[in-house]
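A.B. asks: My structure file my_file.txt, compact mmCIF, C-alpha atoms, is below:
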```txt
# COMPACT_ATOMS: atom_id res chain seq x y z
CA MET A 1 -4.33 21.59 7.95
CA HIS A 2 -4.94 18.22 6.31
CA TYR A 3 -7.06 18.43 3.15
CA ALA A 4 -9.05 15.90 1.11
CA GLN A 5 -6.34 15.83 -1.56
CA GLU A 6 -3.77 14.75 1.04
CA SER A 7 -6.05 11.98 2.30
CA ILE A 8 -6.53 10.62 -1.22
CA GLU A 9 -2.79 10.79 -1.93
CA ALA A 10 -1.99 9.04 1.37
CA TYR A 11 -4.39 6.21 0.47
CA ILE A 12 -2.87 5.76 -2.98
CA ARG A 13 0.71 5.82 -1.67
CA ALA A 14 -0.22 3.35 1.09
CA LYS A 15 -1.92 0.91 -1.29
CA ASP A 16 0.51 1.17 -4.18
CA GLY A 17 3.61 1.05 -1.99
CA ASN A 18 2.42 -1.52 0.58
CA ARG A 19 2.66 1.02 3.41
CA PRO A 20 -0.10 0.12 5.89
CA HIS A 21 1.17 2.67 8.41
CA MET A 22 0.09 5.49 6.06
CA MET A 23 -3.60 4.52 6.05
CA SER A 24 -4.21 6.53 9.25
CA GLN A 25 -3.27 9.62 7.21
CA ALA A 26 -6.13 8.81 4.84
CA PHE A 27 -9.00 7.20 6.75
CA ALA A 28 -10.89 8.06 9.92
CA HIS A 29 -10.75 5.34 12.59
CA ASP A 30 -14.42 4.40 11.98
CA ALA A 31 -14.41 4.82 8.18
CA THR A 32 -16.30 2.55 5.78
CA VAL A 33 -15.24 1.29 2.36
CA GLN A 34 -17.80 -0.22 0.02
CA MET A 35 -16.70 -2.21 -3.03
CA VAL A 36 -18.95 -2.44 -6.09
CA VAL A 37 -17.32 -5.04 -8.33
CA LYS A 38 -18.75 -5.14 -11.84
CA ALA A 39 -15.73 -6.99 -13.29
CA GLY A 40 -15.74 -10.72 -12.58
CA SER A 41 -11.98 -11.18 -12.57
CA ILE A 42 -11.25 -9.70 -9.13
CA SER A 43 -12.93 -9.97 -5.76
CA PHE A 44 -13.10 -7.96 -2.55
CA PRO A 45 -15.34 -8.04 0.51
CA PRO A 46 -18.37 -5.83 -0.24
CA VAL A 47 -17.88 -3.70 2.89
CA SER A 48 -14.93 -3.01 5.21
CA ILE A 49 -15.58 -1.06 8.41
CA GLY A 50 -12.88 0.58 10.50
CA LEU A 51 -9.33 1.61 9.78
CA GLU A 52 -7.78 -1.80 10.59
CA SER A 53 -10.20 -3.75 8.41
CA ILE A 54 -9.77 -1.30 5.51
CA THR A 55 -5.98 -1.46 5.87
CA ASP A 56 -6.02 -5.28 5.89
CA VAL A 57 -8.14 -5.49 2.72
CA LEU A 58 -6.76 -2.62 0.64
CA VAL A 59 -3.09 -2.77 1.61
CA ARG A 60 -1.92 -5.94 3.37
CA GLN A 61 -3.99 -8.55 1.50
CA PHE A 62 -3.75 -6.65 -1.79
CA ALA A 63 0.06 -6.56 -1.54
CA GLN A 64 0.18 -10.32 -0.95
CA THR A 65 -1.24 -10.85 -4.44
CA TYR A 66 -0.08 -7.86 -6.50
CA GLU A 67 3.09 -5.88 -7.16
CA ASN A 68 4.13 -3.06 -9.51
CA ILE A 69 0.96 -1.20 -8.50
CA HIS A 70 0.23 2.20 -10.04
CA THR A 71 -3.07 3.97 -9.28
CA PHE A 72 -4.21 7.21 -10.89
CA CYS A 73 -7.12 9.51 -10.12
CA LEU A 74 -8.38 10.62 -13.52
CA ALA A 75 -9.19 14.19 -12.47
CA ALA A 76 -7.77 17.36 -11.04
CA PRO A 77 -7.46 17.20 -7.22
CA PRO A 78 -10.39 18.31 -5.05
CA TRP A 79 -10.56 21.81 -3.57
CA SER A 80 -8.95 22.22 -0.19
CA ASP A 81 -12.15 22.07 1.88
CA GLN A 82 -14.26 19.79 -0.30
CA VAL A 83 -16.13 17.10 1.70
CA THR A 84 -17.34 15.02 -1.26
CA PHE A 85 -15.37 14.13 -4.36
CA SER A 86 -15.88 11.70 -7.23
CA CYS A 87 -13.44 10.77 -9.94
CA GLY A 88 -12.53 8.01 -12.32
CA TRP A 89 -9.49 5.88 -11.55
CA LEU A 90 -7.05 3.76 -13.51
CA VAL A 91 -4.81 1.06 -12.04
CA GLY A 92 -2.11 -1.25 -13.35
CA MET A 93 -0.33 -4.06 -11.52
CA SER A 94 1.07 -7.53 -11.92
CA GLU A 95 0.12 -10.75 -10.15
CA LYS A 96 3.00 -12.06 -8.06
CA GLN A 97 2.34 -15.74 -8.80
CA THR A 98 1.33 -15.78 -12.48
CA ARG A 99 3.07 -12.55 -13.59
CA ALA A 100 -0.15 -11.66 -15.46
CA VAL A 101 -0.72 -7.94 -15.84
CA ARG A 102 -3.95 -6.41 -14.59
CA VAL A 103 -5.27 -3.07 -15.81
CA GLY A 104 -8.52 -1.78 -14.41
CA CYS A 105 -10.66 1.30 -14.14
CA GLY A 106 -13.72 2.56 -12.36
CA GLN A 107 -15.01 5.26 -10.05
CA TYR A 108 -14.08 6.59 -6.61
CA ASP A 109 -16.78 8.31 -4.54
CA TRP A 110 -15.28 9.94 -1.44
CA LEU A 111 -16.89 11.46 1.64
CA PHE A 112 -14.54 13.31 3.99
CA GLN A 113 -14.92 14.54 7.55
CA SER A 114 -16.44 18.01 7.67
CA GLN A 115 -13.89 19.18 10.27
CA ALA A 116 -10.10 19.11 10.03
CA PRO A 117 -8.38 16.84 9.39
CA LEU A 118 -10.45 15.95 6.33
CA LEU A 119 -9.91 12.21 6.60
CA VAL A 120 -12.05 9.76 4.61
CA GLU A 121 -15.30 8.80 6.36
CA ARG A 122 -16.67 6.74 3.48
CA LEU A 123 -15.27 5.54 0.18
CA THR A 124 -17.14 3.65 -2.51
CA ILE A 125 -14.85 1.98 -5.03
CA THR A 126 -16.60 0.85 -8.19
CA ILE A 127 -14.58 -1.55 -10.32
CA GLU A 128 -16.00 -1.28 -13.83
CA LEU A 129 -13.30 -3.20 -15.69
CA MET A 130 -10.33 -5.36 -14.71
CA GLU A 131 -8.51 -6.73 -17.74
CA SER A 132 -5.92 -9.50 -17.51
CA LEU A 133 -3.02 -9.34 -19.97
CA ALA A 134 -0.17 -11.73 -20.67
CA PRO A 135 3.05 -11.34 -18.65
CA ASN A 136 4.88 -10.06 -21.76
CA SER A 137 2.75 -6.88 -21.58
CA LEU A 138 4.34 -5.87 -18.26
CA ILE A 139 7.05 -3.65 -19.73
CA PRO A 140 4.82 -1.65 -22.11
CA VAL A 141 2.13 -1.19 -19.42
CA MET A 142 4.60 -0.18 -16.70
CA ASP A 143 6.47 2.13 -19.10
CA TRP A 144 3.12 3.78 -19.85
CA PHE A 145 2.22 4.21 -16.18
CA SER A 146 5.72 5.36 -15.24
CA ARG A 147 5.40 8.32 -17.61
CA LEU A 148 2.04 9.55 -16.31
CA PRO A 149 1.69 12.29 -13.68
CA TYR A 150 1.13 10.51 -10.34
CA PRO A 151 -1.39 10.20 -8.82
CA TRP A 152 -3.47 12.91 -10.56
CA CYS A 153 -3.73 12.34 -14.30
CA LEU A 154 -6.32 13.77 -16.64
CA PRO A 155 -7.97 11.09 -18.82
CA GLN A 156 -6.75 12.59 -22.09
CA ILE A 157 -3.13 12.43 -20.87
CA ALA A 158 -3.55 8.79 -19.84
CA LEU A 159 -5.06 7.95 -23.22
CA ALA A 160 -2.41 9.79 -25.22
CA ASN A 161 0.30 7.56 -23.80
CA ALA A 162 -1.49 4.19 -23.74
CA PRO A 163 0.35 1.38 -25.55
CA PRO A 164 -1.50 -0.15 -28.51
CA LEU A 165 -2.21 -3.50 -26.83
CA ASP A 166 -5.47 -5.23 -27.84
CA GLY A 167 -6.24 -6.15 -24.21
CA LEU A 168 -6.34 -2.46 -23.30
CA GLU A 169 -9.10 -1.57 -25.78
CA PRO A 170 -11.94 -1.82 -23.19
CA ILE A 171 -9.88 0.31 -20.78
CA ARG A 172 -9.17 2.94 -23.43
CA HIS A 173 -12.87 3.04 -24.36
CA TYR A 174 -13.97 3.47 -20.71
CA VAL A 175 -11.41 6.19 -19.96
CA ALA A 176 -12.31 8.02 -23.19
CA ARG A 177 -16.01 8.02 -22.20
CA GLY A 178 -15.07 9.56 -18.86
CA SER A 179 -13.12 12.36 -20.52
CA ALA A 180 -15.89 13.27 -22.95
```
Kindly present the structure from the file in structure tokens form.

C.D. replies:
Amino acid sequence: MHYAQESIEAYIRAKDGNRPHMMSQAFAHDATVQMVVKAGSISFPPVSIGLESITDVLVRQFAQTYENIHTFCLAAPPWSDQVTFSCGWLVGMSEKQTRAVRVGCGQYDWLFQSQAPLLVERLTITIELMESLAPNSLIPVMDWFSRLPYPWCLPQIALANAPPLDGLEPIRHYVARGSA
């Protein structure tokens, strides 16, 4: 049996590790991903329809620009047969060309198939914040992310280990609001 948790984990491993072949373990062939971008420093197509389109946008094209990607769901995993699930997320990565560090956060809203396997039918990704930090922040940010439980991390655990970088203050504030 393939559960919602496994679909989410397959998506995160595919995106973070540049493994497009894994996306079929996460998304239904006719799935839809909607992007709601509230942060002006990153852009995505507003809607991607179908497994190939979603894979191109969220894995192949993403990996052309970013590396050192770490994504966390800021919640406990969904129940085994849950067909809807929402959680906050936190991501860190570096830009390949400029070496700038990006740290962002927002909301995932998942809808899974009602029959096994519980693959993703629809995902809305809301990007609330996407902060850009200087390249010299790479080591403290990646050390932070490397110590967090992956990919499921409760907000208070993420906050407890966050480095005291000024550029992370909006991220810390957003994550703290989500854990309240």

A.B. asks: Tell me which residues come within 7 Å of (-6.7, -10.4, -22.6), as a ChimeraX atom specification, counting all atoms listed in the file in the file's coordinates.

C.D. replies: /A:131-134,167

A.B. asks: Go through A:Phe44, A:Tyr11, A:Tyr174, A:Phe27 one by one, measure the shortest atom-to-atom distance of each to Leu129 of chain A using only C-alpha atoms, and give the residue with the smallest value.

C.D. replies: A:Tyr174

A.B. asks: Closest to Pro163 of chain A among A:Trp144, A:Tyr3, A:Tyr108, A:Tyr150, using only C-alpha atoms?

C.D. replies: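 When distances to Pro163 of chain A are compared using only C-alpha atoms, the smallest one comes from A:Trp144.
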
A.B. asks: Kindly indicate which residue among A:Val91, A:Cys105, A:Val120, A:Leu111 lies nearest to Gly50 of chain A, using all atoms listed in the file for the distances.

C.D. replies: A:Val120

A.B. asks: Would you mind telling me which residue in A:Glu121, A:Phe62, A:Asp143, A:Gly104 lies nearest to Arg172 of chain A when using only C-alpha atoms?

C.D. replies: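 Ranked by minimum distance to Arg172 of chain A, first place goes to A:Gly104.
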
A.B. asks: Counting all atoms listed in the file, which residues come within 12 Å of (-0.2, -8.1, -2.9), with the point read in the file's coordinates, and could you list them as a PyMOL selection string?

C.D. replies: chain A and resi 15-19+56-69+93-97

A.B. asks: Measure the distance from atom CA of Ala75 of chain A to atom CA of Ser48 of chain A in Å and round it to one decimal.

C.D. replies: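 Between atom CA of Ala75 of chain A and atom CA of Ser48 of chain A the gap works out to 25.3 Å.
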
A.B. asks: Determine, counting all atoms listed in the file, which protein, DNA and RNA residues have an atom within 7 Å of an atom of Pro78 of chain A; residues of the same chain fewer than 6 positions away are not included. Present the result as a short mmCIF file (atom, residue, chain, number, x, y, z; two decimals) with C-alpha atoms, in the frame of the given file.

C.D. replies:
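Once written, part_30.cif looks like this:
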```
data_model
loop_
_atom_site.label_atom_id
_atom_site.label_comp_id
_atom_site.auth_asym_id
_atom_site.auth_seq_id
_atom_site.Cartn_x
_atom_site.Cartn_y
_atom_site.Cartn_z
CA ALA A 4 -9.05 15.90 1.11
CA GLN A 5 -6.34 15.83 -1.56
CA PHE A 85 -15.37 14.13 -4.36
#
```
